[in-house]
Amino acid sequence: MEYYLISTAGYPNFGDEMIVRTWLKYFKIHHPEAKVTLDVPFPARAQFLFANDFENIIFVDTVWNAIYKAESDGASLTNPEKLFEALEGNDPRNSAGINHLMNAQSIHLLGGGYFSVDQDVFTRTYLFFPLLKYVKDHNPQVKLFATGLGLTPISSLYADCLAEKYVPVFDYFGVRDQESAKINGTQYEVDDVFMAKKLDALKLNVSDDNPDILLSISSFSSMDDEQNFIAKLIKFLERPENQTKKIGVLEAMIPDDNWLFFSDVWNDFPDIKARLKFYGFWDIWQKGIPYKKDQLWVTTRFHYHLVGALLGVKGTAVLLGDDYYATKHNSLSKIGTGWQILALDSQTDIKPTSSKMGLKLLQLKIDAKMRRIDNLFID
């Protein structure tokens, strides 16, 4: 069997990479002899990320080139004709890749929140849907799957278009948040990375010497938000119970997440600065998250919120102030992570929390997803 996987991995960004690693581990367990094509926007970097995760895999950027060209030619979800022209011979440089795509047996849009009408970079990806419908129209035997997608924020025009034209052509269409699940025909489920622990796809670097507090904070869109967060963070780190704790700063995305460690603000707080240790993305990816029991996590990153909850860690998810991230973190809160959800404009302090009962209920949701996945992919 051959599997054609589409992902936004390779940037790299920890969450997107973890989705791919989770699926490659799934196929390695259940279909070790399969041939896998991974279609990503950065195939060269993806080779270094995933070459050891599956034996028979090739890395391409065919669908990404197709949507980039189509977008530059004026295509959109509701007006995709220029995309079809590219697939019909108007993109001869990619003809070999397009031919490979058109003859696929199974095409799978891997999970992630790479769709949003609020960001240009995530608006073009809606073109995946007319592209895959085109493949299905010309190759009716192909199986189309989508799992763990986040499709919002989305306009009513785009939502109606997906529900009427594109979702019905999929053999399975799973979404990870309740807002996306409002689109008719979708199946509400948990994010793909929730399967990682059971599949042994989550790398942990476990040691008692690891930091007591882990921070993974993306850059803020305004200086006011950054200063507001820094003030809350300093107050948290200077609490009597935290004053001697070691602090790790995790880089989920290069270089967006290294600003906190290198910030000049710590020059005014030498006691905190002396306790900071930086963990770059590649170190985390290759060696694992520096985890130990009873850690406290504070993050803006969706997948660190998810992984921390899986590990039973007490945490705080910091909202960046837009609907895109609010939907992501609130989707995790609604399924029982028990983490504190902190808006920067609130007067609330950072107080990491968790929920043992929520974790038990979450395991049931993970089990339900894995049963559905097995029904789809295990003959």
# chains A, B, ... in the order shown; residues from 1 in each chain; ligands from 1

$ residues_around --residues "Lys69 (chain A)" --least-positions-apart "6" --cutoff "9 Å" --atoms "only C-alpha atoms" --output "JSON, numbers by chain"
{"A": [75, 82, 83, 86, 91]}

$ write_last_selection --atoms "N, CA, C and O atoms" --output "PDB file, in the first residue's frame"
ATOM      1  N   ALA A  75      -6.212  32.205  -7.921  1.00  0.00           N
ATOM      2  CA  ALA A  75      -7.163  31.177  -7.488  1.00  0.00           C
ATOM      3  C   ALA A  75      -7.525  31.353  -6.015  1.00  0.00           C
ATOM      4  O   ALA A  75      -6.759  31.888  -5.217  1.00  0.00           O
ATOM      5  N   LYS A  82      -7.787  28.401 -11.835  1.00  0.00           N
ATOM      6  CA  LYS A  82      -6.353  28.500 -12.132  1.00  0.00           C
ATOM      7  C   LYS A  82      -5.569  27.338 -11.510  1.00  0.00           C
ATOM      8  O   LYS A  82      -4.540  26.930 -12.040  1.00  0.00           O
ATOM      9  N   LEU A  83      -6.061  26.816 -10.422  1.00  0.00           N
ATOM     10  CA  LEU A  83      -5.445  25.632  -9.811  1.00  0.00           C
ATOM     11  C   LEU A  83      -5.587  24.439 -10.747  1.00  0.00           C
ATOM     12  O   LEU A  83      -4.625  23.678 -10.959  1.00  0.00           O
ATOM     13  N   ALA A  86      -3.119  24.428 -13.566  1.00  0.00           N
ATOM     14  CA  ALA A  86      -1.780  23.957 -13.181  1.00  0.00           C
ATOM     15  C   ALA A  86      -1.726  22.440 -13.177  1.00  0.00           C
ATOM     16  O   ALA A  86      -0.735  21.836 -13.607  1.00  0.00           O
ATOM     17  N   ASP A  91       1.811  23.689 -15.424  1.00  0.00           N
ATOM     18  CA  ASP A  91       2.949  23.742 -14.508  1.00  0.00           C
ATOM     19  C   ASP A  91       3.910  22.613 -14.867  1.00  0.00           C
ATOM     20  O   ASP A  91       4.092  21.657 -14.105  1.00  0.00           O
TER      21      ASP A  91
END

$ closest_atom_pairs --of "region 246-270 of chain A" --to "region 214-231 of chain A" --cutoff "8 Å" --atoms "only C-alpha atoms" --output "CSV"
residue,atom,partner,partner_atom,distance
A:Ile247,CA,A:Leu214,CA,5.9
A:Gly248,CA,A:Leu214,CA,4.7
A:Val249,CA,A:Leu215,CA,4.8
A:Leu250,CA,A:Ser216,CA,4.9
A:Glu251,CA,A:Ser216,CA,6.3
A:Ala252,CA,A:Ser216,CA,6.8
A:Met253,CA,A:Ser218,CA,7.9
A:Asp256,CA,A:Ser218,CA,5.8
A:Asp257,CA,A:Ser218,CA,4.7
A:Trp259,CA,A:Ser219,CA,7.0
A:Leu260,CA,A:Ile217,CA,7.1

$ residues_around --residues "Ile341 (chain A)" --least-positions-apart "4" --cutoff "8 Å" --atoms "only C-alpha atoms" --output "ChimeraX atom specification"
/A:316-319,329-330,333

$ residues_around --residues "Phe48 (chain A)" --least-positions-apart "3" --cutoff "12 Å" --atoms "only C-alpha atoms" --output "MDAnalysis selection string"
chainID A and resid 9:12 17 42:45 51:54 58:59 282 285:286

$ write_last_selection --atoms "N, CA and C atoms" --output "PDB file, in the first residue's frame"
ATOM      1  N   ALA A   9       4.607  20.564   7.750  1.00  0.00           N
ATOM      2  CA  ALA A   9       5.835  20.356   8.519  1.00  0.00           C
ATOM      3  C   ALA A   9       7.068  20.820   7.754  1.00  0.00           C
ATOM      4  N   GLY A  10       8.178  20.898   8.494  1.00  0.00           N
ATOM      5  CA  GLY A  10       9.468  21.208   7.889  1.00  0.00           C
ATOM      6  C   GLY A  10       9.953  22.612   8.134  1.00  0.00           C
ATOM      7  N   TYR A  11       9.165  23.420   8.832  1.00  0.00           N
ATOM      8  CA  TYR A  11       9.560  24.831   8.997  1.00  0.00           C
ATOM      9  C   TYR A  11      10.904  24.999   9.721  1.00  0.00           C
ATOM     10  N   PRO A  12      11.187  24.407  10.895  1.00  0.00           N
ATOM     11  CA  PRO A  12      10.334  23.497  11.657  1.00  0.00           C
ATOM     12  C   PRO A  12       9.585  24.204  12.787  1.00  0.00           C
ATOM     13  N   GLU A  17       5.672  19.190  13.380  1.00  0.00           N
ATOM     14  CA  GLU A  17       6.597  18.063  13.231  1.00  0.00           C
ATOM     15  C   GLU A  17       6.108  16.858  14.046  1.00  0.00           C
ATOM     16  N   PHE A  42       8.675  22.334   2.930  1.00  0.00           N
ATOM     17  CA  PHE A  42      10.134  22.382   3.090  1.00  0.00           C
ATOM     18  C   PHE A  42      10.690  20.954   3.085  1.00  0.00           C
ATOM     19  N   PRO A  43      10.701  20.293   1.927  1.00  0.00           N
ATOM     20  CA  PRO A  43      11.097  18.880   1.900  1.00  0.00           C
ATOM     21  C   PRO A  43      12.556  18.637   2.265  1.00  0.00           C
ATOM     22  N   ALA A  44      13.433  19.581   1.996  1.00  0.00           N
ATOM     23  CA  ALA A  44      14.847  19.368   2.323  1.00  0.00           C
ATOM     24  C   ALA A  44      15.030  19.243   3.833  1.00  0.00           C
ATOM     25  N   ARG A  45      14.451  20.185   4.589  1.00  0.00           N
ATOM     26  CA  ARG A  45      14.561  20.095   6.050  1.00  0.00           C
ATOM     27  C   ARG A  45      13.796  18.886   6.579  1.00  0.00           C
ATOM     28  N   ALA A  51      13.797  11.359   8.422  1.00  0.00           N
ATOM     29  CA  ALA A  51      14.427  10.262   7.678  1.00  0.00           C
ATOM     30  C   ALA A  51      14.557   8.993   8.510  1.00  0.00           C
ATOM     31  N   ASN A  52      14.698   9.137   9.818  1.00  0.00           N
ATOM     32  CA  ASN A  52      14.860   7.966  10.682  1.00  0.00           C
ATOM     33  C   ASN A  52      13.547   7.461  11.261  1.00  0.00           C
ATOM     34  N   ASP A  53      12.444   8.122  10.919  1.00  0.00           N
ATOM     35  CA  ASP A  53      11.151   7.737  11.494  1.00  0.00           C
ATOM     36  C   ASP A  53      10.398   6.727  10.638  1.00  0.00           C
ATOM     37  N   PHE A  54      10.782   6.608   9.363  1.00  0.00           N
ATOM     38  CA  PHE A  54      10.137   5.621   8.492  1.00  0.00           C
ATOM     39  C   PHE A  54      11.113   5.272   7.381  1.00  0.00           C
ATOM     40  N   ILE A  58       9.580   9.192   0.750  1.00  0.00           N
ATOM     41  CA  ILE A  58      10.144  10.244  -0.094  1.00  0.00           C
ATOM     42  C   ILE A  58       9.505  11.570   0.299  1.00  0.00           C
ATOM     43  N   PHE A  59      10.245  12.654   0.058  1.00  0.00           N
ATOM     44  CA  PHE A  59       9.806  13.987   0.464  1.00  0.00           C
ATOM     45  C   PHE A  59       9.619  14.862  -0.772  1.00  0.00           C
ATOM     46  N   TRP A 282      16.197  21.827  17.754  1.00  0.00           N
ATOM     47  CA  TRP A 282      16.831  20.583  17.308  1.00  0.00           C
ATOM     48  C   TRP A 282      17.245  19.712  18.489  1.00  0.00           C
ATOM     49  N   TRP A 285      14.042  18.097  19.594  1.00  0.00           N
ATOM     50  CA  TRP A 285      13.559  17.133  18.606  1.00  0.00           C
ATOM     51  C   TRP A 285      14.355  15.833  18.641  1.00  0.00           C
ATOM     52  N   GLN A 286      15.658  15.964  18.788  1.00  0.00           N
ATOM     53  CA  GLN A 286      16.509  14.782  18.735  1.00  0.00           C
ATOM     54  C   GLN A 286      16.635  14.070  20.078  1.00  0.00           C
TER      55      GLN A 286
END

$ select_by_dssp --residues "region 128-306 of chain A" --states "strand (DSSP E or B)" --output "compact mmCIF listing (two decimals) with N, CA, C and O atoms, in the first residue's frame"
# COMPACT_ATOMS: atom_id res chain seq x y z
N LYS A 143 -8.55 7.05 -1.98
CA LYS A 143 -9.18 7.32 -0.70
C LYS A 143 -8.67 8.67 -0.17
O LYS A 143 -7.45 8.91 -0.17
N LEU A 144 -9.58 9.50 0.28
CA LEU A 144 -9.21 10.81 0.81
C LEU A 144 -9.53 10.87 2.30
O LEU A 144 -10.66 10.58 2.72
N PHE A 145 -8.53 11.25 3.09
CA PHE A 145 -8.70 11.34 4.53
C PHE A 145 -8.20 12.70 5.04
O PHE A 145 -7.25 13.26 4.50
N ALA A 146 -8.85 13.18 6.07
CA ALA A 146 -8.37 14.35 6.81
C ALA A 146 -8.56 14.04 8.29
O ALA A 146 -9.61 13.51 8.68
N THR A 147 -7.56 14.33 9.09
CA THR A 147 -7.67 14.07 10.53
C THR A 147 -7.14 15.26 11.32
O THR A 147 -6.16 15.89 10.92
N GLY A 148 -7.81 15.56 12.42
CA GLY A 148 -7.31 16.55 13.37
C GLY A 148 -7.10 17.94 12.81
O GLY A 148 -6.21 18.66 13.28
N LEU A 149 -7.91 18.35 11.85
CA LEU A 149 -7.72 19.67 11.25
C LEU A 149 -8.38 20.76 12.10
O LEU A 149 -9.40 20.54 12.74
N TYR A 172 -13.16 10.27 5.05
CA TYR A 172 -13.23 10.62 6.46
C TYR A 172 -12.68 12.03 6.61
O TYR A 172 -11.67 12.38 6.00
N PHE A 173 -13.36 12.85 7.44
CA PHE A 173 -12.94 14.24 7.61
C PHE A 173 -13.04 14.60 9.08
O PHE A 173 -14.09 14.93 9.60
N GLY A 174 -11.90 14.52 9.80
CA GLY A 174 -11.86 14.79 11.24
C GLY A 174 -11.33 16.17 11.54
O GLY A 174 -10.36 16.63 10.95
N VAL A 175 -11.97 16.85 12.50
CA VAL A 175 -11.54 18.19 12.94
C VAL A 175 -11.36 18.17 14.45
O VAL A 175 -11.99 17.40 15.17
N GLN A 187 -16.14 15.31 11.40
CA GLN A 187 -16.18 14.47 12.61
C GLN A 187 -15.32 15.13 13.68
O GLN A 187 -14.13 15.34 13.49
N TYR A 188 -15.93 15.48 14.80
CA TYR A 188 -15.19 16.10 15.91
C TYR A 188 -14.34 15.04 16.60
O TYR A 188 -14.84 13.98 17.00
N LEU A 204 10.95 12.01 25.28
CA LEU A 204 11.17 12.71 26.53
C LEU A 204 12.59 12.48 26.99
O LEU A 204 13.09 11.35 26.94
N ASN A 205 13.23 13.53 27.44
CA ASN A 205 14.56 13.45 28.05
C ASN A 205 14.34 13.58 29.56
O ASN A 205 14.27 14.68 30.10
N VAL A 206 14.17 12.45 30.23
CA VAL A 206 13.75 12.44 31.64
C VAL A 206 14.98 12.46 32.55
O VAL A 206 15.87 11.62 32.43
N ILE A 213 10.57 24.40 35.96
CA ILE A 213 9.58 25.19 35.22
C ILE A 213 10.00 25.22 33.77
O ILE A 213 11.17 25.49 33.46
N LEU A 214 9.06 24.95 32.85
CA LEU A 214 9.33 25.05 31.42
C LEU A 214 8.48 26.16 30.83
O LEU A 214 7.27 26.26 31.09
N LEU A 215 9.12 26.99 29.99
CA LEU A 215 8.46 28.09 29.31
C LEU A 215 8.62 27.91 27.81
O LEU A 215 9.72 27.63 27.33
N SER A 216 7.52 28.04 27.07
CA SER A 216 7.60 28.07 25.61
C SER A 216 6.67 29.17 25.14
O SER A 216 5.45 29.01 25.08
N ILE A 247 14.75 26.99 35.49
CA ILE A 247 13.79 27.39 34.46
C ILE A 247 14.33 27.03 33.08
O ILE A 247 15.46 27.40 32.73
N GLY A 248 13.54 26.31 32.32
CA GLY A 248 13.92 25.97 30.95
C GLY A 248 13.09 26.76 29.94
O GLY A 248 11.86 26.88 30.11
N VAL A 249 13.73 27.28 28.93
CA VAL A 249 13.04 27.99 27.85
C VAL A 249 13.11 27.12 26.60
O VAL A 249 14.21 26.82 26.10
N LEU A 250 11.96 26.68 26.12
CA LEU A 250 11.88 25.77 24.98
C LEU A 250 11.60 26.54 23.70
O LEU A 250 10.75 27.42 23.66
N MET A 253 9.41 26.95 17.75
CA MET A 253 9.61 27.38 16.37
C MET A 253 10.87 28.22 16.29
O MET A 253 11.10 29.10 17.12
N LEU A 276 18.00 30.44 34.20
CA LEU A 276 17.47 30.13 32.87
C LEU A 276 18.39 29.20 32.09
O LEU A 276 19.62 29.34 32.13
N LYS A 277 17.79 28.26 31.37
CA LYS A 277 18.54 27.40 30.44
C LYS A 277 17.73 27.28 29.15
O LYS A 277 16.53 27.05 29.19
N PHE A 278 18.42 27.43 28.02
CA PHE A 278 17.76 27.41 26.72
C PHE A 278 17.84 26.03 26.09
O PHE A 278 18.90 25.38 26.09
N TYR A 279 16.72 25.56 25.53
CA TYR A 279 16.66 24.31 24.80
C TYR A 279 16.18 24.60 23.38
O TYR A 279 15.01 24.91 23.16
N ILE A 289 11.90 16.28 25.07
CA ILE A 289 11.53 17.38 25.96
C ILE A 289 12.18 17.13 27.33
O ILE A 289 12.10 16.03 27.87
N PRO A 290 12.84 18.13 27.92
CA PRO A 290 13.49 17.95 29.23
C PRO A 290 12.45 17.88 30.35
O PRO A 290 12.15 18.87 31.02
N TYR A 291 11.94 16.70 30.57
CA TYR A 291 10.79 16.50 31.46
C TYR A 291 11.23 15.89 32.80
O TYR A 291 12.18 15.12 32.87
N LEU A 296 6.18 22.58 36.24
CA LEU A 296 5.15 23.56 35.90
C LEU A 296 5.46 24.09 34.51
O LEU A 296 6.61 24.41 34.20
N TRP A 297 4.44 24.16 33.64
CA TRP A 297 4.64 24.63 32.27
C TRP A 297 3.82 25.90 32.03
O TRP A 297 2.66 25.98 32.47
N VAL A 298 4.41 26.84 31.31
CA VAL A 298 3.72 28.05 30.87
C VAL A 298 4.01 28.22 29.39
O VAL A 298 5.18 28.26 28.99
N THR A 299 2.96 28.29 28.56
CA THR A 299 3.20 28.31 27.12
C THR A 299 2.11 29.04 26.36
O THR A 299 0.95 29.10 26.80

$ residues_around --residues "region 24-36 of chain A" --least-positions-apart "2" --cutoff "6 Å" --atoms "only C-alpha atoms" --output "CSV table (one decimal) with C-alpha atoms, in the first residue's frame"
chain,number,residue,atom,x,y,z
A,1,MET,CA,0.0,0.0,0.0
A,2,GLU,CA,1.1,3.6,-0.7
A,3,TYR,CA,0.2,6.5,1.5
A,4,TYR,CA,0.4,10.1,0.3
A,21,ARG,CA,6.2,11.9,13.6
A,22,THR,CA,3.0,10.5,15.2
A,56,ASN,CA,10.5,3.8,2.7
A,57,ILE,CA,9.6,7.5,2.5

$ closest_residue --among "A:Leu38, A:Leu49, A:Ile6, A:Val60" --to "Thr125 (chain A)" --atoms "only C-alpha atoms"
A:Ile6

$ closest_residue --among "A:Lys198, A:Lys292, A:Arg124, A:Lys136" --to "Asp171 (chain A)" --atoms "only C-alpha atoms"
A:Lys136

$ residues_around --residues "Glu238 (chain A)" --least-positions-apart "4" --cutoff "10 Å" --atoms "only C-alpha atoms" --output "ChimeraX atom specification"
/A:233-234,242-245,269,271-272

$ closest_residue --among "A:Phe262, A:Trp339, A:Met357, A:Phe281" --to "Gly308 (chain A)" --atoms "only C-alpha atoms"
A:Trp339

$ closest_residue --among "A:Leu162, A:Leu311, A:Ser106, A:Ser155" --to "Asn139 (chain A)" --atoms "only C-alpha atoms"
A:Ser106

$ select_by_dssp --residues "region 35-171 of chain A" --states "alpha helix (DSSP H)" --output "VMD selection string"
chain A and resid 43 to 50 62 to 72 81 to 85 95 to 102 120 to 123 128 to 138 156 to 161

$ closest_residue --among "A:Pro80, A:Gly280, A:Pro240, A:Gly321" --to "Leu127 (chain A)" --atoms "only C-alpha atoms"
A:Pro80

$ atom_distance --atom1 "CA of Ser116 (chain A)" --atom2 "CA of Lys365 (chain A)"
25.5 Å

$ closest_residue --among "A:Pro211, A:Glu81, A:Asp323, A:Ile183" --to "Val117 (chain A)" --atoms "only C-alpha atoms"
A:Asp323

$ atom_distance --atom1 "CA of Glu164 (chain A)" --atom2 "CA of Gly185 (chain A)"
9.0 Å

$ atom_distance --atom1 "CA of Lys287 (chain A)" --atom2 "CA of Pro255 (chain A)"
18.9 Å

$ decode --residues "region 329-341 of chain A" --atoms "all heavy atoms" --output "compact mmCIF listing (two decimals), in the first residue's frame"
# COMPACT_ATOMS: atom_id res chain seq x y z
N HIS A 329 -6.48 26.87 22.08
CA HIS A 329 -6.32 26.54 23.49
C HIS A 329 -7.65 26.21 24.15
O HIS A 329 -7.73 25.29 24.99
CB HIS A 329 -5.63 27.69 24.23
CG HIS A 329 -4.17 27.79 23.97
ND1 HIS A 329 -3.29 26.79 24.35
CD2 HIS A 329 -3.41 28.74 23.37
CE1 HIS A 329 -2.05 27.14 24.00
NE2 HIS A 329 -2.11 28.31 23.40
N ASN A 330 -8.70 26.92 23.78
CA ASN A 330 -10.00 26.62 24.38
C ASN A 330 -10.50 25.24 23.97
O ASN A 330 -11.22 24.59 24.73
CB ASN A 330 -11.02 27.69 23.98
CG ASN A 330 -10.79 29.00 24.73
OD1 ASN A 330 -10.35 29.00 25.87
ND2 ASN A 330 -11.09 30.12 24.09
N SER A 331 -10.11 24.79 22.78
CA SER A 331 -10.50 23.44 22.36
C SER A 331 -9.90 22.38 23.29
O SER A 331 -10.52 21.36 23.58
CB SER A 331 -10.08 23.17 20.91
OG SER A 331 -8.68 22.98 20.80
N LEU A 332 -8.68 22.64 23.77
CA LEU A 332 -8.05 21.71 24.70
C LEU A 332 -8.69 21.80 26.09
O LEU A 332 -8.90 20.79 26.76
CB LEU A 332 -6.55 21.99 24.79
CG LEU A 332 -5.74 21.75 23.52
CD1 LEU A 332 -4.28 22.14 23.73
CD2 LEU A 332 -5.83 20.29 23.07
N SER A 333 -9.00 23.01 26.50
CA SER A 333 -9.64 23.20 27.79
C SER A 333 -10.99 22.49 27.84
O SER A 333 -11.34 21.84 28.85
CB SER A 333 -9.83 24.69 28.07
OG SER A 333 -10.45 24.91 29.31
N LYS A 334 -11.74 22.55 26.74
CA LYS A 334 -13.07 21.96 26.70
C LYS A 334 -13.05 20.44 26.78
O LYS A 334 -14.04 19.83 27.18
CB LYS A 334 -13.80 22.41 25.43
CG LYS A 334 -14.22 23.87 25.45
CD LYS A 334 -14.83 24.29 24.13
CE LYS A 334 -15.21 25.76 24.15
NZ LYS A 334 -15.75 26.22 22.83
N ILE A 335 -11.93 19.83 26.40
CA ILE A 335 -11.88 18.36 26.48
C ILE A 335 -11.18 17.87 27.74
O ILE A 335 -10.91 16.69 27.89
CB ILE A 335 -11.22 17.74 25.22
CG1 ILE A 335 -9.79 18.25 25.03
CG2 ILE A 335 -12.07 18.00 23.99
CD1 ILE A 335 -9.07 17.58 23.87
N GLY A 336 -10.85 18.82 28.66
CA GLY A 336 -10.48 18.39 29.99
C GLY A 336 -9.02 18.47 30.39
O GLY A 336 -8.61 17.76 31.31
N THR A 337 -8.20 19.32 29.75
CA THR A 337 -6.80 19.39 30.16
C THR A 337 -6.65 19.94 31.57
O THR A 337 -5.67 19.63 32.26
CB THR A 337 -5.97 20.27 29.20
OG1 THR A 337 -6.41 21.63 29.29
CG2 THR A 337 -6.08 19.77 27.77
N GLY A 338 -7.60 20.77 31.98
CA GLY A 338 -7.52 21.34 33.32
C GLY A 338 -6.53 22.47 33.47
O GLY A 338 -6.30 22.97 34.57
N TRP A 339 -5.93 22.89 32.37
CA TRP A 339 -4.93 23.96 32.44
C TRP A 339 -5.60 25.33 32.62
O TRP A 339 -6.72 25.56 32.14
CB TRP A 339 -4.11 23.99 31.16
CG TRP A 339 -2.93 23.06 31.17
CD1 TRP A 339 -2.86 21.84 31.78
CD2 TRP A 339 -1.67 23.29 30.56
NE1 TRP A 339 -1.63 21.29 31.56
CE2 TRP A 339 -0.88 22.15 30.82
CE3 TRP A 339 -1.14 24.31 29.81
CZ2 TRP A 339 0.44 22.03 30.37
CZ3 TRP A 339 0.16 24.20 29.34
CH2 TRP A 339 0.95 23.07 29.63
N GLN A 340 -4.88 26.22 33.29
CA GLN A 340 -5.31 27.61 33.36
C GLN A 340 -5.22 28.24 31.97
O GLN A 340 -4.22 28.09 31.27
CB GLN A 340 -4.42 28.39 34.32
CG GLN A 340 -4.77 29.88 34.41
CD GLN A 340 -3.69 30.70 35.11
OE1 GLN A 340 -2.52 30.34 35.11
NE2 GLN A 340 -4.10 31.81 35.71
N ILE A 341 -6.29 28.93 31.56
CA ILE A 341 -6.28 29.71 30.33
C ILE A 341 -6.16 31.17 30.71
O ILE A 341 -7.04 31.72 31.37
CB ILE A 341 -7.56 29.48 29.49
CG1 ILE A 341 -7.75 27.98 29.21
CG2 ILE A 341 -7.50 30.27 28.20
CD1 ILE A 341 -6.67 27.36 28.34
